[in-house]
$ cat model04.cif   # mmCIF, C-alpha atoms
data_query
#
loop_
_atom_site.group_PDB
_atom_site.id
_atom_site.type_symbol
_atom_site.label_atom_id
_atom_site.label_comp_id
_atom_site.auth_asym_id
_atom_site.auth_seq_id
_atom_site.Cartn_x
_atom_site.Cartn_y
_atom_site.Cartn_z
ATOM 1 C CA MET A 1 0.000 0.000 0.000
ATOM 2 C CA SER A 2 1.211 3.512 -0.765
ATOM 3 C CA THR A 3 2.671 5.153 2.317
ATOM 4 C CA HIS A 4 1.584 8.535 0.944
ATOM 5 C CA ALA A 5 -2.163 7.849 0.955
ATOM 6 C CA PRO A 6 -4.010 10.291 3.241
ATOM 7 C CA ASP A 7 -5.569 8.680 6.287
ATOM 8 C CA ILE A 8 -9.047 9.788 5.230
ATOM 9 C CA VAL A 9 -8.625 7.871 1.956
ATOM 10 C CA VAL A 10 -7.449 4.743 3.752
ATOM 11 C CA ARG A 11 -10.539 4.957 5.983
ATOM 12 C CA ARG A 12 -12.769 5.000 2.895
ATOM 13 C CA LEU A 13 -11.202 1.916 1.325
ATOM 14 C CA PRO A 14 -12.989 -0.524 3.688
ATOM 15 C CA LEU A 15 -16.289 1.104 2.689
ATOM 16 C CA TYR A 16 -15.526 0.452 -0.970
ATOM 17 C CA LEU A 17 -14.468 -3.094 -0.112
ATOM 18 C CA ARG A 18 -17.668 -3.801 1.811
ATOM 19 C CA ALA A 19 -19.849 -2.533 -1.046
ATOM 20 C CA LEU A 20 -17.889 -4.472 -3.668
ATOM 21 C CA THR A 21 -18.015 -7.672 -1.622
ATOM 22 C CA LEU A 22 -21.796 -7.394 -1.354
ATOM 23 C CA LEU A 23 -22.095 -6.777 -5.087
ATOM 24 C CA ALA A 24 -19.815 -9.710 -5.896
ATOM 25 C CA ASP A 25 -21.875 -11.971 -3.651
ATOM 26 C CA ARG A 26 -24.945 -10.896 -5.621
ATOM 27 C CA GLY A 27 -23.275 -11.735 -8.904
ATOM 28 C CA GLN A 28 -22.823 -8.195 -10.263
ATOM 29 C CA GLU A 29 -19.868 -8.062 -12.625
ATOM 30 C CA ILE A 30 -19.453 -4.373 -13.539
ATOM 31 C CA ILE A 31 -20.071 -1.159 -11.610
ATOM 32 C CA SER A 32 -19.618 2.495 -12.527
ATOM 33 C CA SER A 33 -17.775 4.962 -10.320
ATOM 34 C CA ARG A 34 -21.021 6.871 -9.948
ATOM 35 C CA GLU A 35 -22.942 3.859 -8.639
ATOM 36 C CA LEU A 36 -20.158 2.693 -6.326
ATOM 37 C CA GLY A 37 -19.704 6.216 -4.994
ATOM 38 C CA ARG A 38 -23.425 6.512 -4.330
ATOM 39 C CA ARG A 39 -23.377 3.303 -2.322
ATOM 40 C CA VAL A 40 -20.691 4.626 0.041
ATOM 41 C CA GLY A 41 -21.690 8.292 0.096
ATOM 42 C CA VAL A 42 -18.943 9.901 -1.998
ATOM 43 C CA SER A 43 -18.929 11.482 -5.433
ATOM 44 C CA ALA A 44 -17.756 9.578 -8.488
ATOM 45 C CA ALA A 45 -14.882 12.030 -8.847
ATOM 46 C CA GLN A 46 -13.777 11.467 -5.240
ATOM 47 C CA LEU A 47 -13.903 7.703 -5.654
ATOM 48 C CA ARG A 48 -11.809 7.839 -8.827
ATOM 49 C CA LYS A 49 -9.322 10.160 -7.111
ATOM 50 C CA ASP A 50 -9.036 7.815 -4.124
ATOM 51 C CA LEU A 51 -8.408 4.751 -6.252
ATOM 52 C CA SER A 52 -5.935 6.566 -8.512
ATOM 53 C CA LEU A 53 -3.545 6.816 -5.566
ATOM 54 C CA PHE A 54 -3.034 3.066 -5.794
ATOM 55 C CA GLY A 55 -3.198 2.400 -9.534
ATOM 56 C CA GLU A 56 -5.543 2.241 -12.495
ATOM 57 C CA PHE A 57 -8.381 -0.212 -11.920
ATOM 58 C CA GLY A 58 -11.179 0.793 -14.291
ATOM 59 C CA ARG A 59 -11.715 1.489 -17.975
ATOM 60 C CA GLN A 60 -13.217 4.745 -19.145
ATOM 61 C CA GLY A 61 -16.790 4.248 -20.256
ATOM 62 C CA LEU A 62 -16.908 0.688 -18.959
ATOM 63 C CA GLY A 63 -16.516 1.087 -15.194
ATOM 64 C CA TYR A 64 -14.899 -1.350 -12.793
ATOM 65 C CA GLU A 65 -14.886 -5.118 -12.733
ATOM 66 C CA VAL A 66 -16.399 -5.808 -9.310
ATOM 67 C CA VAL A 67 -14.396 -8.914 -8.353
ATOM 68 C CA TYR A 68 -11.114 -7.524 -9.671
ATOM 69 C CA LEU A 69 -11.493 -4.211 -7.818
ATOM 70 C CA ARG A 70 -12.591 -6.020 -4.656
ATOM 71 C CA ASP A 71 -9.493 -8.196 -4.759
ATOM 72 C CA GLN A 72 -7.203 -5.228 -5.453
ATOM 73 C CA ILE A 73 -8.562 -3.299 -2.470
ATOM 74 C CA ARG A 74 -8.136 -6.384 -0.304
ATOM 75 C CA ARG A 75 -4.507 -6.475 -1.410
ATOM 76 C CA ILE A 76 -4.002 -2.768 -0.742
ATOM 77 C CA LEU A 77 -5.451 -3.074 2.754
ATOM 78 C CA GLN A 78 -3.499 -6.302 3.321
ATOM 79 C CA VAL A 79 -6.680 -8.149 4.215
ATOM 80 C CA ASP A 80 -6.069 -10.821 1.611
ATOM 81 C CA ARG A 81 -4.613 -12.898 4.444
ATOM 82 C CA ILE A 82 -5.632 -14.040 7.917
ATOM 83 C CA TRP A 83 -4.727 -11.735 10.823
ATOM 84 C CA HIS A 84 -4.468 -13.011 14.388
ATOM 85 C CA VAL A 85 -5.506 -10.510 17.045
ATOM 86 C CA ALA A 86 -5.014 -10.214 20.802
ATOM 87 C CA LEU A 87 -7.818 -8.873 22.992
ATOM 88 C CA ILE A 88 -6.944 -7.062 26.194
ATOM 89 C CA GLY A 89 -9.847 -6.933 28.627
ATOM 90 C CA ALA A 90 -12.258 -9.754 29.461
ATOM 91 C CA GLY A 91 -15.116 -7.624 30.756
ATOM 92 C CA ALA A 92 -18.542 -7.162 29.195
ATOM 93 C CA LEU A 93 -17.110 -5.470 26.101
ATOM 94 C CA GLY A 94 -14.429 -8.125 25.759
ATOM 95 C CA HIS A 95 -17.060 -10.869 25.859
ATOM 96 C CA ALA A 96 -19.027 -9.122 23.118
ATOM 97 C CA LEU A 97 -15.967 -8.676 20.912
ATOM 98 C CA VAL A 98 -14.803 -12.278 21.238
ATOM 99 C CA ASN A 99 -18.246 -13.466 20.191
ATOM 100 C CA TYR A 100 -18.660 -10.964 17.331
ATOM 101 C CA PRO A 101 -18.828 -13.167 14.214
ATOM 102 C CA THR A 102 -18.094 -10.390 11.699
ATOM 103 C CA PHE A 103 -14.424 -10.331 12.712
ATOM 104 C CA THR A 104 -13.913 -13.840 11.382
ATOM 105 C CA ARG A 105 -16.071 -13.057 8.342
ATOM 106 C CA TRP A 106 -13.304 -10.640 7.343
ATOM 107 C CA ASP A 107 -10.414 -12.920 8.422
ATOM 108 C CA PHE A 108 -9.595 -11.245 11.746
ATOM 109 C CA PHE A 109 -9.313 -13.954 14.395
ATOM 110 C CA ILE A 110 -9.097 -13.133 18.101
ATOM 111 C CA ASN A 111 -6.994 -16.026 19.327
ATOM 112 C CA THR A 112 -5.800 -14.849 22.734
ATOM 113 C CA VAL A 113 -7.388 -12.834 25.566
ATOM 114 C CA PHE A 114 -5.705 -11.138 28.527
ATOM 115 C CA ASP A 115 -6.881 -9.561 31.761
ATOM 116 C CA ASN A 116 -5.341 -8.602 35.112
ATOM 117 C CA ASP A 117 -8.355 -9.554 37.244
ATOM 118 C CA PRO A 118 -7.607 -12.787 39.163
ATOM 119 C CA ALA A 119 -11.327 -13.641 39.047
ATOM 120 C CA LYS A 120 -11.245 -13.642 35.224
ATOM 121 C CA ILE A 121 -7.868 -15.263 34.600
ATOM 122 C CA GLY A 122 -8.358 -18.903 33.685
ATOM 123 C CA THR A 123 -12.023 -18.493 32.763
ATOM 124 C CA ILE A 124 -13.279 -19.255 29.260
ATOM 125 C CA ILE A 125 -14.816 -16.677 26.931
ATOM 126 C CA GLY A 126 -15.634 -17.468 23.341
ATOM 127 C CA GLY A 127 -13.726 -20.729 23.639
ATOM 128 C CA LEU A 128 -10.538 -18.937 24.757
ATOM 129 C CA THR A 129 -8.856 -19.139 28.153
ATOM 130 C CA VAL A 130 -8.230 -15.704 29.656
ATOM 131 C CA ARG A 131 -4.507 -15.293 30.266
ATOM 132 C CA SER A 132 -2.722 -13.207 32.863
ATOM 133 C CA MET A 133 -1.168 -9.930 31.739
ATOM 134 C CA ASP A 134 2.110 -11.301 33.101
ATOM 135 C CA ARG A 135 2.232 -13.565 30.033
ATOM 136 C CA LEU A 136 1.516 -10.773 27.548
ATOM 137 C CA GLY A 137 4.947 -10.259 26.022
ATOM 138 C CA LYS A 138 5.937 -13.907 25.681
ATOM 139 C CA THR A 139 2.562 -14.925 24.248
ATOM 140 C CA LEU A 140 2.371 -12.157 21.649
ATOM 141 C CA GLN A 141 5.924 -12.749 20.498
ATOM 142 C CA ALA A 142 5.450 -16.516 20.345
ATOM 143 C CA GLN A 143 2.274 -16.148 18.279
ATOM 144 C CA HIS A 144 3.676 -13.314 16.104
ATOM 145 C CA ILE A 145 0.674 -11.113 16.837
ATOM 146 C CA GLU A 146 0.911 -7.518 15.583
ATOM 147 C CA ILE A 147 -2.671 -6.307 16.200
ATOM 148 C CA ALA A 148 -4.426 -5.866 19.536
ATOM 149 C CA ILE A 149 -7.846 -4.682 20.651
ATOM 150 C CA LEU A 150 -7.863 -2.597 23.815
ATOM 151 C CA ALA A 151 -11.035 -3.002 25.898
ATOM 152 C CA VAL A 152 -9.838 -1.795 29.287
ATOM 153 C CA PRO A 153 -10.731 1.132 31.587
ATOM 154 C CA ALA A 154 -9.332 4.528 30.621
ATOM 155 C CA ASP A 155 -7.146 4.814 33.735
ATOM 156 C CA VAL A 156 -5.013 1.819 32.712
ATOM 157 C CA ALA A 157 -5.242 2.102 28.921
ATOM 158 C CA GLN A 158 -2.002 4.048 28.394
ATOM 159 C CA GLN A 159 0.091 1.657 30.488
ATOM 160 C CA VAL A 160 -1.428 -1.389 28.775
ATOM 161 C CA ALA A 161 -0.834 0.195 25.376
ATOM 162 C CA ASP A 162 2.807 0.852 26.294
ATOM 163 C CA ASP A 163 3.179 -2.789 27.304
ATOM 164 C CA LEU A 164 1.651 -3.902 24.010
ATOM 165 C CA VAL A 165 4.027 -1.760 21.980
ATOM 166 C CA GLU A 166 6.982 -3.126 23.946
ATOM 167 C CA ALA A 167 5.754 -6.626 23.091
ATOM 168 C CA GLY A 168 5.768 -5.817 19.366
ATOM 169 C CA ILE A 169 2.212 -4.655 18.653
ATOM 170 C CA LYS A 170 2.106 -2.328 15.634
ATOM 171 C CA ALA A 171 -1.645 -1.635 15.377
ATOM 172 C CA LEU A 172 -4.237 -0.989 18.079
ATOM 173 C CA LEU A 173 -8.009 -0.805 18.018
ATOM 174 C CA ASN A 174 -8.759 1.256 21.115
ATOM 175 C CA TYR A 175 -12.158 1.141 22.808
ATOM 176 C CA ALA A 176 -10.941 2.942 25.941
ATOM 177 C CA PRO A 177 -12.260 6.544 26.115
ATOM 178 C CA ILE A 178 -8.811 8.107 26.090
ATOM 179 C CA SER A 179 -6.327 9.316 23.496
ATOM 180 C CA LEU A 180 -3.166 7.237 23.565
ATOM 181 C CA VAL A 181 0.338 8.637 23.116
ATOM 182 C CA LEU A 182 2.402 6.053 21.251
ATOM 183 C CA PRO A 183 5.366 5.932 18.839
ATOM 184 C CA ASP A 184 4.767 7.180 15.313
ATOM 185 C CA ASP A 185 5.168 3.709 13.827
ATOM 186 C CA VAL A 186 2.226 2.356 15.855
ATOM 187 C CA HIS A 187 -1.176 2.977 14.300
ATOM 188 C CA VAL A 188 -4.145 3.508 16.623
ATOM 189 C CA SER A 189 -7.813 3.558 15.649
ATOM 190 C CA HIS A 190 -10.108 4.917 18.346
ATOM 191 C CA ILE A 191 -13.680 3.730 18.796
ATOM 192 C CA ASP A 192 -15.631 5.813 21.304
ATOM 193 C CA PRO A 193 -19.399 5.158 21.168
ATOM 194 C CA VAL A 194 -20.162 7.890 23.731
ATOM 195 C CA ALA A 195 -18.274 10.523 21.753
ATOM 196 C CA SER A 196 -20.110 9.387 18.623
ATOM 197 C CA LEU A 197 -23.479 9.706 20.371
ATOM 198 C CA GLN A 198 -22.520 13.161 21.635
ATOM 199 C CA ALA A 199 -21.746 14.179 18.050
ATOM 200 C CA VAL A 200 -25.052 12.747 16.833
ATOM 201 C CA THR A 201 -27.098 14.690 19.382
ATOM 202 C CA TYR A 202 -25.752 17.939 17.923
ATOM 203 C CA TYR A 203 -27.927 17.326 14.867
ATOM 204 C CA LEU A 204 -31.152 16.609 16.774
#

$ encode --input "model04.cif" --output "structure tokens"
Amino acid sequence: MSTHAPDIVVRRLPLYLRALTLLADRGQEIISSRELGRRVGVSAAQLRKDLSLFGEFGRQGLGYEVVYLRDQIRRILQVDRIWHVALIGAGALGHALVNYPTFTRWDFFINTVFDNDPAKIGTIIGGLTVRSMDRLGKTLQAQHIEIAILAVPADVAQQVADDLVEAGIKALLNYAPISLVLPDDVHVSHIDPVASLQAVTYYL
């Protein structure tokens, strides 16, 4: 993937991928930039500009081959392979994430769970045994895991994130309601449902 692609473009690529996957499953073979853009809420010109950062995928007047473009975006996003993921936090949110089937639908497999609560360590969630945080570094390195999901309270999130980076994690999906300060080569995506609801209420 081009290292020069703006973050906002990279965030739109999964939307294109989701739409194309649905179309491919329905048997559609060709789609225009106008129709694909409409499905994800961008203009045809913006869609063409986004894709042009990564190569030429369509033919003028003919549109895009759905399966080909889907596969190219999968390659760009590096989701044409299976990714193993560590989950930190075995609380209510952790239980929900482990049992969320859409992760595996897109080849993201949570295969290890950690917590620091003695009452949770050793219990089973989603078929996985909750491990102690003391085993974090050795386990992640042994399993070559580079992605982690952070589902811990805000007051411990920074320390846990630091520990994850030290153990070799390069990408974090952060559900804790706090902004993390991490090295530039570690990518963090924040998911804050409360902040999203607060933004939504502005429009009501």

$ residues_around --input "model04.cif" --residues "region 75-80 of chain A" --least-positions-apart "5" --cutoff "10 Å" --atoms "all atoms listed in the file" --output "list in words"
Met1, Ser2, Val10, Leu13, Pro14, Leu17, Phe54, Leu69, Arg70, Trp106, Asp107 and Phe108 of chain A

$ write_last_selection --input "model04.cif" --atoms "C-alpha atoms" --output "CSV table (one decimal), in the coordinates of the input"
chain,number,residue,atom,x,y,z
A,1,MET,CA,0.0,0.0,0.0
A,2,SER,CA,1.2,3.5,-0.8
A,10,VAL,CA,-7.4,4.7,3.8
A,13,LEU,CA,-11.2,1.9,1.3
A,14,PRO,CA,-13.0,-0.5,3.7
A,17,LEU,CA,-14.5,-3.1,-0.1
A,54,PHE,CA,-3.0,3.1,-5.8
A,69,LEU,CA,-11.5,-4.2,-7.8
A,70,ARG,CA,-12.6,-6.0,-4.7
A,106,TRP,CA,-13.3,-10.6,7.3
A,107,ASP,CA,-10.4,-12.9,8.4
A,108,PHE,CA,-9.6,-11.2,11.7

$ atom_distance --input "model04.cif" --atom1 "CA of Leu172 (chain A)" --atom2 "CA of Gly126 (chain A)"
20.7 Å

$ resolve_selection --input "model04.cif" --expression "the PyMOL selection byres ((chain A and resi 29) around 8)" --output "ChimeraX atom specification"
/A:23-24,27-28,30-31,65-67

$ residues_near_point --input "model04.cif" --point "(-20.9, -0.9, -7.8)" --cutoff "6 Å" --atoms "all atoms listed in the file" --output "number ranges by chain"
A: 31-32, 35-36

$ resolve_selection --input "model04.cif" --expression "the PyMOL selection byres ((chain A and resi 93) around 12)" --output "ChimeraX atom specification"
/A:87-92,94-100,125,149-153,174-176,193

$ build_atoms --input "model04.cif" --residues "region 125-161 of chain A" --atoms "N, CA and C atoms" --output "PDB file, in the coordinates of the input"
ATOM      1  N   ILE A 125     -13.869 -17.525  27.673  1.00  0.00           N
ATOM      2  CA  ILE A 125     -14.816 -16.677  26.931  1.00  0.00           C
ATOM      3  C   ILE A 125     -14.618 -16.938  25.446  1.00  0.00           C
ATOM      4  N   GLY A 126     -15.710 -17.194  24.771  1.00  0.00           N
ATOM      5  CA  GLY A 126     -15.634 -17.468  23.341  1.00  0.00           C
ATOM      6  C   GLY A 126     -14.719 -18.622  22.994  1.00  0.00           C
ATOM      7  N   GLY A 127     -14.596 -19.588  23.888  1.00  0.00           N
ATOM      8  CA  GLY A 127     -13.726 -20.729  23.639  1.00  0.00           C
ATOM      9  C   GLY A 127     -12.262 -20.480  23.935  1.00  0.00           C
ATOM     10  N   LEU A 128     -11.922 -19.287  24.461  1.00  0.00           N
ATOM     11  CA  LEU A 128     -10.538 -18.937  24.757  1.00  0.00           C
ATOM     12  C   LEU A 128     -10.332 -18.796  26.262  1.00  0.00           C
ATOM     13  N   THR A 129      -9.201 -19.282  26.738  1.00  0.00           N
ATOM     14  CA  THR A 129      -8.856 -19.139  28.153  1.00  0.00           C
ATOM     15  C   THR A 129      -8.228 -17.769  28.383  1.00  0.00           C
ATOM     16  N   VAL A 130      -8.763 -17.032  29.341  1.00  0.00           N
ATOM     17  CA  VAL A 130      -8.230 -15.704  29.656  1.00  0.00           C
ATOM     18  C   VAL A 130      -6.868 -15.858  30.326  1.00  0.00           C
ATOM     19  N   ARG A 131      -5.872 -15.205  29.757  1.00  0.00           N
ATOM     20  CA  ARG A 131      -4.507 -15.293  30.266  1.00  0.00           C
ATOM     21  C   ARG A 131      -4.182 -14.107  31.162  1.00  0.00           C
ATOM     22  N   SER A 132      -3.204 -14.288  32.014  1.00  0.00           N
ATOM     23  CA  SER A 132      -2.722 -13.207  32.863  1.00  0.00           C
ATOM     24  C   SER A 132      -1.897 -12.218  32.043  1.00  0.00           C
ATOM     25  N   MET A 133      -1.971 -10.945  32.410  1.00  0.00           N
ATOM     26  CA  MET A 133      -1.168  -9.930  31.739  1.00  0.00           C
ATOM     27  C   MET A 133       0.321 -10.196  31.893  1.00  0.00           C
ATOM     28  N   ASP A 134       0.702 -10.970  32.911  1.00  0.00           N
ATOM     29  CA  ASP A 134       2.110 -11.301  33.101  1.00  0.00           C
ATOM     30  C   ASP A 134       2.676 -12.093  31.924  1.00  0.00           C
ATOM     31  N   ARG A 135       1.797 -12.735  31.162  1.00  0.00           N
ATOM     32  CA  ARG A 135       2.232 -13.565  30.033  1.00  0.00           C
ATOM     33  C   ARG A 135       2.112 -12.824  28.695  1.00  0.00           C
ATOM     34  N   LEU A 136       1.799 -11.546  28.762  1.00  0.00           N
ATOM     35  CA  LEU A 136       1.516 -10.773  27.548  1.00  0.00           C
ATOM     36  C   LEU A 136       2.657 -10.824  26.536  1.00  0.00           C
ATOM     37  N   GLY A 137       3.835 -10.367  26.955  1.00  0.00           N
ATOM     38  CA  GLY A 137       4.947 -10.259  26.022  1.00  0.00           C
ATOM     39  C   GLY A 137       5.328 -11.576  25.383  1.00  0.00           C
ATOM     40  N   LYS A 138       5.517 -12.611  26.203  1.00  0.00           N
ATOM     41  CA  LYS A 138       5.937 -13.907  25.681  1.00  0.00           C
ATOM     42  C   LYS A 138       4.896 -14.494  24.733  1.00  0.00           C
ATOM     43  N   THR A 139       3.616 -14.341  25.082  1.00  0.00           N
ATOM     44  CA  THR A 139       2.562 -14.925  24.248  1.00  0.00           C
ATOM     45  C   THR A 139       2.475 -14.226  22.898  1.00  0.00           C
ATOM     46  N   LEU A 140       2.488 -12.902  22.903  1.00  0.00           N
ATOM     47  CA  LEU A 140       2.371 -12.157  21.649  1.00  0.00           C
ATOM     48  C   LEU A 140       3.557 -12.427  20.736  1.00  0.00           C
ATOM     49  N   GLN A 141       4.741 -12.480  21.311  1.00  0.00           N
ATOM     50  CA  GLN A 141       5.924 -12.749  20.498  1.00  0.00           C
ATOM     51  C   GLN A 141       5.923 -14.174  19.968  1.00  0.00           C
ATOM     52  N   ALA A 142       5.477 -15.113  20.781  1.00  0.00           N
ATOM     53  CA  ALA A 142       5.450 -16.516  20.345  1.00  0.00           C
ATOM     54  C   ALA A 142       4.443 -16.726  19.229  1.00  0.00           C
ATOM     55  N   GLN A 143       3.327 -15.983  19.280  1.00  0.00           N
ATOM     56  CA  GLN A 143       2.274 -16.148  18.279  1.00  0.00           C
ATOM     57  C   GLN A 143       2.391 -15.140  17.134  1.00  0.00           C
ATOM     58  N   HIS A 144       3.415 -14.298  17.165  1.00  0.00           N
ATOM     59  CA  HIS A 144       3.676 -13.314  16.104  1.00  0.00           C
ATOM     60  C   HIS A 144       2.448 -12.428  15.855  1.00  0.00           C
ATOM     61  N   ILE A 145       1.854 -11.963  16.938  1.00  0.00           N
ATOM     62  CA  ILE A 145       0.674 -11.113  16.837  1.00  0.00           C
ATOM     63  C   ILE A 145       1.099  -9.648  16.763  1.00  0.00           C
ATOM     64  N   GLU A 146       0.566  -8.925  15.780  1.00  0.00           N
ATOM     65  CA  GLU A 146       0.911  -7.518  15.583  1.00  0.00           C
ATOM     66  C   GLU A 146      -0.260  -6.573  15.837  1.00  0.00           C
ATOM     67  N   ILE A 147      -1.467  -7.119  16.009  1.00  0.00           N
ATOM     68  CA  ILE A 147      -2.671  -6.307  16.200  1.00  0.00           C
ATOM     69  C   ILE A 147      -3.299  -6.653  17.541  1.00  0.00           C
ATOM     70  N   ALA A 148      -3.740  -5.631  18.268  1.00  0.00           N
ATOM     71  CA  ALA A 148      -4.426  -5.866  19.536  1.00  0.00           C
ATOM     72  C   ALA A 148      -5.644  -4.960  19.631  1.00  0.00           C
ATOM     73  N   ILE A 149      -6.653  -5.459  20.347  1.00  0.00           N
ATOM     74  CA  ILE A 149      -7.846  -4.682  20.651  1.00  0.00           C
ATOM     75  C   ILE A 149      -7.805  -4.350  22.137  1.00  0.00           C
ATOM     76  N   LEU A 150      -7.939  -3.074  22.439  1.00  0.00           N
ATOM     77  CA  LEU A 150      -7.863  -2.597  23.815  1.00  0.00           C
ATOM     78  C   LEU A 150      -9.266  -2.332  24.328  1.00  0.00           C
ATOM     79  N   ALA A 151      -9.702  -3.155  25.310  1.00  0.00           N
ATOM     80  CA  ALA A 151     -11.035  -3.002  25.898  1.00  0.00           C
ATOM     81  C   ALA A 151     -10.900  -2.946  27.413  1.00  0.00           C
ATOM     82  N   VAL A 152     -10.144  -1.944  27.869  1.00  0.00           N
ATOM     83  CA  VAL A 152      -9.838  -1.795  29.287  1.00  0.00           C
ATOM     84  C   VAL A 152     -10.280  -0.413  29.757  1.00  0.00           C
ATOM     85  N   PRO A 153     -10.367  -0.196  31.074  1.00  0.00           N
ATOM     86  CA  PRO A 153     -10.731   1.132  31.587  1.00  0.00           C
ATOM     87  C   PRO A 153      -9.717   2.191  31.183  1.00  0.00           C
ATOM     88  N   ALA A 154     -10.181   3.433  31.082  1.00  0.00           N
ATOM     89  CA  ALA A 154      -9.332   4.528  30.621  1.00  0.00           C
ATOM     90  C   ALA A 154      -8.109   4.740  31.507  1.00  0.00           C
ATOM     91  N   ASP A 155      -8.253   4.498  32.826  1.00  0.00           N
ATOM     92  CA  ASP A 155      -7.146   4.814  33.735  1.00  0.00           C
ATOM     93  C   ASP A 155      -5.955   3.869  33.594  1.00  0.00           C
ATOM     94  N   VAL A 156      -6.140   2.738  32.917  1.00  0.00           N
ATOM     95  CA  VAL A 156      -5.013   1.819  32.712  1.00  0.00           C
ATOM     96  C   VAL A 156      -4.656   1.667  31.239  1.00  0.00           C
ATOM     97  N   ALA A 157      -5.405   2.313  30.361  1.00  0.00           N
ATOM     98  CA  ALA A 157      -5.242   2.102  28.921  1.00  0.00           C
ATOM     99  C   ALA A 157      -3.851   2.488  28.430  1.00  0.00           C
ATOM    100  N   GLN A 158      -3.315   3.618  28.875  1.00  0.00           N
ATOM    101  CA  GLN A 158      -2.002   4.048  28.394  1.00  0.00           C
ATOM    102  C   GLN A 158      -0.921   3.060  28.792  1.00  0.00           C
ATOM    103  N   GLN A 159      -0.927   2.606  30.042  1.00  0.00           N
ATOM    104  CA  GLN A 159       0.091   1.657  30.488  1.00  0.00           C
ATOM    105  C   GLN A 159      -0.016   0.343  29.726  1.00  0.00           C
ATOM    106  N   VAL A 160      -1.247  -0.139  29.522  1.00  0.00           N
ATOM    107  CA  VAL A 160      -1.428  -1.389  28.775  1.00  0.00           C
ATOM    108  C   VAL A 160      -0.959  -1.211  27.333  1.00  0.00           C
ATOM    109  N   ALA A 161      -1.272  -0.064  26.749  1.00  0.00           N
ATOM    110  CA  ALA A 161      -0.834   0.195  25.376  1.00  0.00           C
ATOM    111  C   ALA A 161       0.689   0.229  25.291  1.00  0.00           C
TER     112      ALA A 161
END
